[in-house]
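Next comes work_24.pdb, a file with PDB, N, CA and C atoms.
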```pdb
ATOM      1  N   MET I   1      79.922 100.540 115.212  1.00  0.00           N
ATOM      2  CA  MET I   1      78.693 101.065 114.689  1.00  0.00           C
ATOM      3  C   MET I   1      77.546 100.239 115.273  1.00  0.00           C
ATOM      4  N   PHE I   2      76.522 100.932 115.742  1.00  0.00           N
ATOM      5  CA  PHE I   2      75.353 100.272 116.298  1.00  0.00           C
ATOM      6  C   PHE I   2      74.168 100.456 115.355  1.00  0.00           C
ATOM      7  N   ILE I   3      73.488  99.363 115.067  1.00  0.00           N
ATOM      8  CA  ILE I   3      72.277  99.392 114.260  1.00  0.00           C
ATOM      9  C   ILE I   3      71.213  98.616 115.036  1.00  0.00           C
ATOM     10  N   ASN I   4      70.128  99.282 115.343  1.00  0.00           N
ATOM     11  CA  ASN I   4      69.040  98.672 116.122  1.00  0.00           C
ATOM     12  C   ASN I   4      69.548  98.060 117.421  1.00  0.00           C
ATOM     13  N   GLY I   5      70.495  98.718 118.051  1.00  0.00           N
ATOM     14  CA  GLY I   5      71.008  98.270 119.333  1.00  0.00           C
ATOM     15  C   GLY I   5      72.028  97.139 119.257  1.00  0.00           C
ATOM     16  N   LYS I   6      72.436  96.722 118.076  1.00  0.00           N
ATOM     17  CA  LYS I   6      73.402  95.655 117.920  1.00  0.00           C
ATOM     18  C   LYS I   6      74.670  96.227 117.299  1.00  0.00           C
ATOM     19  N   GLU I   7      75.830  95.767 117.792  1.00  0.00           N
ATOM     20  CA  GLU I   7      77.103  96.312 117.325  1.00  0.00           C
ATOM     21  C   GLU I   7      77.613  95.558 116.101  1.00  0.00           C
ATOM     22  N   PHE I   8      78.112  96.311 115.127  1.00  0.00           N
ATOM     23  CA  PHE I   8      78.701  95.765 113.907  1.00  0.00           C
ATOM     24  C   PHE I   8      80.062  96.413 113.689  1.00  0.00           C
ATOM     25  N   LEU I   9      80.989  95.657 113.093  1.00  0.00           N
ATOM     26  CA  LEU I   9      82.332  96.154 112.837  1.00  0.00           C
ATOM     27  C   LEU I   9      82.710  95.930 111.382  1.00  0.00           C
ATOM     28  N   THR I  10      83.569  96.782 110.881  1.00  0.00           N
ATOM     29  CA  THR I  10      84.146  96.579 109.555  1.00  0.00           C
ATOM     30  C   THR I  10      85.483  95.853 109.729  1.00  0.00           C
ATOM     31  N   VAL I  11      86.063  95.424 108.621  1.00  0.00           N
ATOM     32  CA  VAL I  11      87.356  94.751 108.669  1.00  0.00           C
ATOM     33  C   VAL I  11      88.408  95.710 109.226  1.00  0.00           C
ATOM     34  N   ARG I  12      88.329  96.950 108.824  1.00  0.00           N
ATOM     35  CA  ARG I  12      89.299  97.943 109.313  1.00  0.00           C
ATOM     36  C   ARG I  12      89.180  98.138 110.828  1.00  0.00           C
ATOM     37  N   ASP I  13      87.951  98.151 111.352  1.00  0.00           N
ATOM     38  CA  ASP I  13      87.757  98.275 112.801  1.00  0.00           C
ATOM     39  C   ASP I  13      88.392  97.100 113.540  1.00  0.00           C
ATOM     40  N   MET I  14      88.170  95.897 113.016  1.00  0.00           N
ATOM     41  CA  MET I  14      88.734  94.703 113.650  1.00  0.00           C
ATOM     42  C   MET I  14      90.258  94.726 113.577  1.00  0.00           C
ATOM     43  N   ALA I  15      90.803  95.175 112.454  1.00  0.00           N
ATOM     44  CA  ALA I  15      92.254  95.246 112.299  1.00  0.00           C
ATOM     45  C   ALA I  15      92.870  96.222 113.296  1.00  0.00           C
ATOM     46  N   GLU I  16      92.221  97.346 113.514  1.00  0.00           N
ATOM     47  CA  GLU I  16      92.734  98.326 114.475  1.00  0.00           C
ATOM     48  C   GLU I  16      92.673  97.786 115.900  1.00  0.00           C
ATOM     49  N   ARG I  17      91.632  97.067 116.233  1.00  0.00           N
ATOM     50  CA  ARG I  17      91.505  96.516 117.585  1.00  0.00           C
ATOM     51  C   ARG I  17      92.536  95.432 117.858  1.00  0.00           C
ATOM     52  N   GLU I  18      92.882  94.646 116.844  1.00  0.00           N
ATOM     53  CA  GLU I  18      93.799  93.522 117.010  1.00  0.00           C
ATOM     54  C   GLU I  18      95.232  93.836 116.601  1.00  0.00           C
ATOM     55  N   ASN I  19      95.495  95.035 116.113  1.00  0.00           N
ATOM     56  CA  ASN I  19      96.829  95.424 115.624  1.00  0.00           C
ATOM     57  C   ASN I  19      97.321  94.461 114.551  1.00  0.00           C
ATOM     58  N   LYS I  20      96.442  94.101 113.638  1.00  0.00           N
ATOM     59  CA  LYS I  20      96.769  93.245 112.504  1.00  0.00           C
ATOM     60  C   LYS I  20      96.394  93.988 111.230  1.00  0.00           C
ATOM     61  N   THR I  21      96.848  93.471 110.111  1.00  0.00           N
ATOM     62  CA  THR I  21      96.499  94.099 108.837  1.00  0.00           C
ATOM     63  C   THR I  21      95.095  93.688 108.422  1.00  0.00           C
ATOM     64  N   PRO I  22      94.428  94.513 107.632  1.00  0.00           N
ATOM     65  CA  PRO I  22      93.104  94.128 107.135  1.00  0.00           C
ATOM     66  C   PRO I  22      93.119  92.830 106.337  1.00  0.00           C
ATOM     67  N   ASP I  23      94.211  92.571 105.604  1.00  0.00           N
ATOM     68  CA  ASP I  23      94.305  91.317 104.847  1.00  0.00           C
ATOM     69  C   ASP I  23      94.307  90.102 105.763  1.00  0.00           C
ATOM     70  N   SER I  24      95.015  90.184 106.888  1.00  0.00           N
ATOM     71  CA  SER I  24      95.033  89.042 107.803  1.00  0.00           C
ATOM     72  C   SER I  24      93.666  88.837 108.449  1.00  0.00           C
ATOM     73  N   ILE I  25      92.962  89.913 108.724  1.00  0.00           N
ATOM     74  CA  ILE I  25      91.607  89.802 109.285  1.00  0.00           C
ATOM     75  C   ILE I  25      90.683  89.148 108.263  1.00  0.00           C
ATOM     76  N   LYS I  26      90.808  89.536 106.997  1.00  0.00           N
ATOM     77  CA  LYS I  26      89.992  88.929 105.945  1.00  0.00           C
ATOM     78  C   LYS I  26      90.263  87.430 105.848  1.00  0.00           C
ATOM     79  N   LYS I  27      91.532  87.034 105.950  1.00  0.00           N
ATOM     80  CA  LYS I  27      91.880  85.615 105.890  1.00  0.00           C
ATOM     81  C   LYS I  27      91.281  84.852 107.063  1.00  0.00           C
ATOM     82  N   LEU I  28      91.334  85.434 108.252  1.00  0.00           N
ATOM     83  CA  LEU I  28      90.762  84.777 109.424  1.00  0.00           C
ATOM     84  C   LEU I  28      89.250  84.641 109.292  1.00  0.00           C
ATOM     85  N   LEU I  29      88.594  85.674 108.790  1.00  0.00           N
ATOM     86  CA  LEU I  29      87.145  85.613 108.594  1.00  0.00           C
ATOM     87  C   LEU I  29      86.786  84.555 107.555  1.00  0.00           C
ATOM     88  N   HIS I  30      87.567  84.496 106.489  1.00  0.00           N
ATOM     89  CA  HIS I  30      87.317  83.501 105.447  1.00  0.00           C
ATOM     90  C   HIS I  30      87.534  82.085 105.989  1.00  0.00           C
ATOM     91  N   ARG I  31      88.571  81.923 106.793  1.00  0.00           N
ATOM     92  CA  ARG I  31      88.880  80.617 107.364  1.00  0.00           C
ATOM     93  C   ARG I  31      87.750  80.117 108.270  1.00  0.00           C
ATOM     94  N   LYS I  32      87.100  81.033 108.980  1.00  0.00           N
ATOM     95  CA  LYS I  32      85.976  80.680 109.853  1.00  0.00           C
ATOM     96  C   LYS I  32      84.652  80.668 109.095  1.00  0.00           C
ATOM     97  N   ASP I  33      84.685  80.960 107.795  1.00  0.00           N
ATOM     98  CA  ASP I  33      83.500  80.995 106.926  1.00  0.00           C
ATOM     99  C   ASP I  33      82.467  82.010 107.423  1.00  0.00           C
ATOM    100  N   LEU I  34      82.964  83.180 107.827  1.00  0.00           N
ATOM    101  CA  LEU I  34      82.097  84.269 108.284  1.00  0.00           C
ATOM    102  C   LEU I  34      81.943  85.272 107.150  1.00  0.00           C
ATOM    103  N   ARG I  35      80.730  85.638 106.862  1.00  0.00           N
ATOM    104  CA  ARG I  35      80.443  86.536 105.749  1.00  0.00           C
ATOM    105  C   ARG I  35      79.801  87.825 106.272  1.00  0.00           C
ATOM    106  N   PRO I  36      80.017  88.929 105.550  1.00  0.00           N
ATOM    107  CA  PRO I  36      79.397  90.188 105.972  1.00  0.00           C
ATOM    108  C   PRO I  36      77.878  90.126 105.798  1.00  0.00           C
ATOM    109  N   ILE I  37      77.186  90.956 106.564  1.00  0.00           N
ATOM    110  CA  ILE I  37      75.724  90.943 106.485  1.00  0.00           C
ATOM    111  C   ILE I  37      75.191  91.968 105.498  1.00  0.00           C
ATOM    112  N   SER I  38      76.078  92.825 104.965  1.00  0.00           N
ATOM    113  CA  SER I  38      75.623  93.846 104.026  1.00  0.00           C
ATOM    114  C   SER I  38      76.726  94.137 103.008  1.00  0.00           C
ATOM    115  N   LYS I  39      76.378  94.927 102.008  1.00  0.00           N
ATOM    116  CA  LYS I  39      77.358  95.319 100.998  1.00  0.00           C
ATOM    117  C   LYS I  39      78.422  96.240 101.578  1.00  0.00           C
ATOM    118  N   ASP I  40      78.129  96.838 102.709  1.00  0.00           N
ATOM    119  CA  ASP I  40      79.085  97.725 103.365  1.00  0.00           C
ATOM    120  C   ASP I  40      80.138  96.959 104.149  1.00  0.00           C
ATOM    121  N   ALA I  41      80.147  95.636 104.033  1.00  0.00           N
ATOM    122  CA  ALA I  41      81.102  94.755 104.718  1.00  0.00           C
ATOM    123  C   ALA I  41      81.029  94.919 106.234  1.00  0.00           C
ATOM    124  N   LEU I  42      79.831  94.910 106.758  1.00  0.00           N
ATOM    125  CA  LEU I  42      79.635  94.959 108.201  1.00  0.00           C
ATOM    126  C   LEU I  42      79.509  93.540 108.745  1.00  0.00           C
ATOM    127  N   TYR I  43      80.274  93.267 109.780  1.00  0.00           N
ATOM    128  CA  TYR I  43      80.245  91.965 110.437  1.00  0.00           C
ATOM    129  C   TYR I  43      79.680  92.141 111.843  1.00  0.00           C
ATOM    130  N   PRO I  44      78.884  91.191 112.320  1.00  0.00           N
ATOM    131  CA  PRO I  44      78.390  91.297 113.694  1.00  0.00           C
ATOM    132  C   PRO I  44      79.547  91.131 114.682  1.00  0.00           C
ATOM    133  N   ILE I  45      79.359  91.617 115.869  1.00  0.00           N
ATOM    134  CA  ILE I  45      80.405  91.549 116.895  1.00  0.00           C
ATOM    135  C   ILE I  45      80.794  90.104 117.187  1.00  0.00           C
ATOM    136  N   GLU I  46      79.896  89.159 116.959  1.00  0.00           N
ATOM    137  CA  GLU I  46      80.193  87.739 117.179  1.00  0.00           C
ATOM    138  C   GLU I  46      81.298  87.258 116.250  1.00  0.00           C
ATOM    139  N   ALA I  47      81.376  87.812 115.040  1.00  0.00           N
ATOM    140  CA  ALA I  47      82.441  87.451 114.102  1.00  0.00           C
ATOM    141  C   ALA I  47      83.787  87.891 114.656  1.00  0.00           C
ATOM    142  N   TYR I  48      83.833  89.062 115.246  1.00  0.00           N
ATOM    143  CA  TYR I  48      85.073  89.552 115.857  1.00  0.00           C
ATOM    144  C   TYR I  48      85.480  88.652 117.013  1.00  0.00           C
ATOM    145  N   GLU I  49      84.517  88.263 117.829  1.00  0.00           N
ATOM    146  CA  GLU I  49      84.809  87.390 118.967  1.00  0.00           C
ATOM    147  C   GLU I  49      85.351  86.042 118.484  1.00  0.00           C
ATOM    148  N   ALA I  50      84.867  85.559 117.340  1.00  0.00           N
ATOM    149  CA  ALA I  50      85.289  84.262 116.814  1.00  0.00           C
ATOM    150  C   ALA I  50      86.735  84.277 116.331  1.00  0.00           C
ATOM    151  N   ILE I  51      87.210  85.409 115.835  1.00  0.00           N
ATOM    152  CA  ILE I  51      88.576  85.457 115.298  1.00  0.00           C
ATOM    153  C   ILE I  51      89.563  86.127 116.244  1.00  0.00           C
ATOM    154  N   LYS I  52      89.093  86.620 117.360  1.00  0.00           N
ATOM    155  CA  LYS I  52      89.943  87.392 118.264  1.00  0.00           C
ATOM    156  C   LYS I  52      91.179  86.610 118.712  1.00  0.00           C
ATOM    157  N   GLU I  53      91.048  85.360 119.025  1.00  0.00           N
ATOM    158  CA  GLU I  53      92.176  84.571 119.524  1.00  0.00           C
ATOM    159  C   GLU I  53      92.837  83.724 118.444  1.00  0.00           C
ATOM    160  N   ALA I  54      92.335  83.776 117.216  1.00  0.00           N
ATOM    161  CA  ALA I  54      92.878  82.952 116.135  1.00  0.00           C
ATOM    162  C   ALA I  54      94.225  83.495 115.673  1.00  0.00           C
ATOM    163  N   LYS I  55      95.054  82.591 115.179  1.00  0.00           N
ATOM    164  CA  LYS I  55      96.371  82.968 114.679  1.00  0.00           C
ATOM    165  C   LYS I  55      96.537  82.417 113.269  1.00  0.00           C
ATOM    166  N   LEU I  56      97.342  83.100 112.476  1.00  0.00           N
ATOM    167  CA  LEU I  56      97.668  82.636 111.139  1.00  0.00           C
ATOM    168  C   LEU I  56      98.987  81.881 111.170  1.00  0.00           C
ATOM    169  N   GLY I  57      99.174  80.986 110.230  1.00  0.00           N
ATOM    170  CA  GLY I  57     100.433  80.265 110.110  1.00  0.00           C
ATOM    171  C   GLY I  57     100.307  78.825 110.548  1.00  0.00           C
ATOM    172  N   ARG I  58     101.409  78.144 110.450  1.00  0.00           N
ATOM    173  CA  ARG I  58     101.442  76.737 110.836  1.00  0.00           C
ATOM    174  C   ARG I  58     101.628  76.611 112.342  1.00  0.00           C
ATOM    175  N   PRO I  59     101.073  75.550 112.910  1.00  0.00           N
ATOM    176  CA  PRO I  59     101.307  75.338 114.345  1.00  0.00           C
ATOM    177  C   PRO I  59     102.762  74.928 114.585  1.00  0.00           C
ATOM    178  N   ARG I  60     103.267  75.204 115.761  1.00  0.00           N
ATOM    179  CA  ARG I  60     104.624  74.834 116.095  1.00  0.00           C
ATOM    180  C   ARG I  60     104.744  73.317 116.214  1.00  0.00           C
ATOM    181  N   LYS I  61     105.922  72.818 115.846  1.00  0.00           N
ATOM    182  CA  LYS I  61     106.167  71.396 116.017  1.00  0.00           C
ATOM    183  C   LYS I  61     106.367  71.122 117.496  1.00  0.00           C
ATOM    184  N   GLN I  62     105.776  70.037 117.932  1.00  0.00           N
ATOM    185  CA  GLN I  62     105.960  69.669 119.331  1.00  0.00           C
ATOM    186  C   GLN I  62     107.210  68.785 119.433  1.00  0.00           C
ATOM    187  N   GLU I  63     107.993  69.066 120.426  1.00  0.00           N
ATOM    188  CA  GLU I  63     109.230  68.296 120.604  1.00  0.00           C
ATOM    189  C   GLU I  63     108.893  66.942 121.189  1.00  0.00           C
ATOM    190  N   PRO I  64     109.605  65.911 120.748  1.00  0.00           N
ATOM    191  CA  PRO I  64     109.331  64.576 121.298  1.00  0.00           C
ATOM    192  C   PRO I  64     109.724  64.519 122.761  1.00  0.00           C
ATOM    193  N   ASP I  65     109.031  63.661 123.486  1.00  0.00           N
ATOM    194  CA  ASP I  65     109.328  63.504 124.910  1.00  0.00           C
ATOM    195  C   ASP I  65     110.722  62.903 125.099  1.00  0.00           C
ATOM    196  N   ALA I  66     111.451  63.395 126.073  1.00  0.00           N
ATOM    197  CA  ALA I  66     112.795  62.913 126.338  1.00  0.00           C
ATOM    198  C   ALA I  66     112.770  61.543 127.037  1.00  0.00           C
ATOM    199  N   GLU I  67     111.649  61.204 127.676  1.00  0.00           N
ATOM    200  CA  GLU I  67     111.558  59.963 128.424  1.00  0.00           C
ATOM    201  C   GLU I  67     111.428  58.745 127.524  1.00  0.00           C
ATOM    202  N   LYS I  68     110.918  58.898 126.329  1.00  0.00           N
ATOM    203  CA  LYS I  68     110.668  57.744 125.459  1.00  0.00           C
ATOM    204  C   LYS I  68     111.898  57.247 124.804  1.00  0.00           C
TER     205      LYS I  68
END
```
Would you kindly transcribe this structure into structure tokens?
Amino acid sequence: MFINGKEFLTVRDMAERENKTPDSIKKLLHRKDLRPISKDALYPIEAYEAIKEAKLGRPRKQEPDAEK
């Protein structure tokens, strides 16, 4: 959706683009402390860019070096 030449997305739009559930998108937005700009839950495209590469869950354990 474009408003005054600027693109805005809903949680559902972001979920469809990333093939994730709306709940996971909400968690990622909350984790980055990104809030909607209106009651219609519209987020600027920058919010989508901020969560695009983010992942949920714990990081993988790194294996110890074999040389040590």
**Item:** Residue with smallest distance to Arg35 in chain I - pool I:Pro64, I:Lys55, I:Ala47, I:Asn4, counting only N, CA and C atoms
**Value:**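 Distance minimum relative to Arg35 in chain I lands on I:Ala47.
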**Request:** Excluding Val11 in chain I and any residue of its chain fewer than 2 positions from it, enumerate the residues within 6.5 Å of it, using all atoms listed in the file, and give them as a ChimeraX atom specification.
**Result:** /I:9,13-16,22,26,41-43
**Message:** Just the number, please: distance in Å from CA of Phe2 in chain I to CA of Asp33 in chain I, one decimal.
**Reply:**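 A separation of 22.9 Å between them.
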**Prompt:** Between atom N of Lys20 in chain I and atom N of Ile45 in chain I, what is the distance, to one decimal in Å?
**Reply:**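 Interatomic distance, atom N of Lys20 in chain I to atom N of Ile45 in chain I: 17.4 Å.
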**Asked** Can you list, as an MDAnalysis selection string, every residue of chain I that DSSP puts in strand (DSSP E)?
**Response** chainID I and resid 2:3 6:9 43:44
**Prompt:** Which distance in Å separates CA of Arg31 in chain I and atom N of Lys6 in chain I, to one decimal?
**Reply:** 25.4 Å
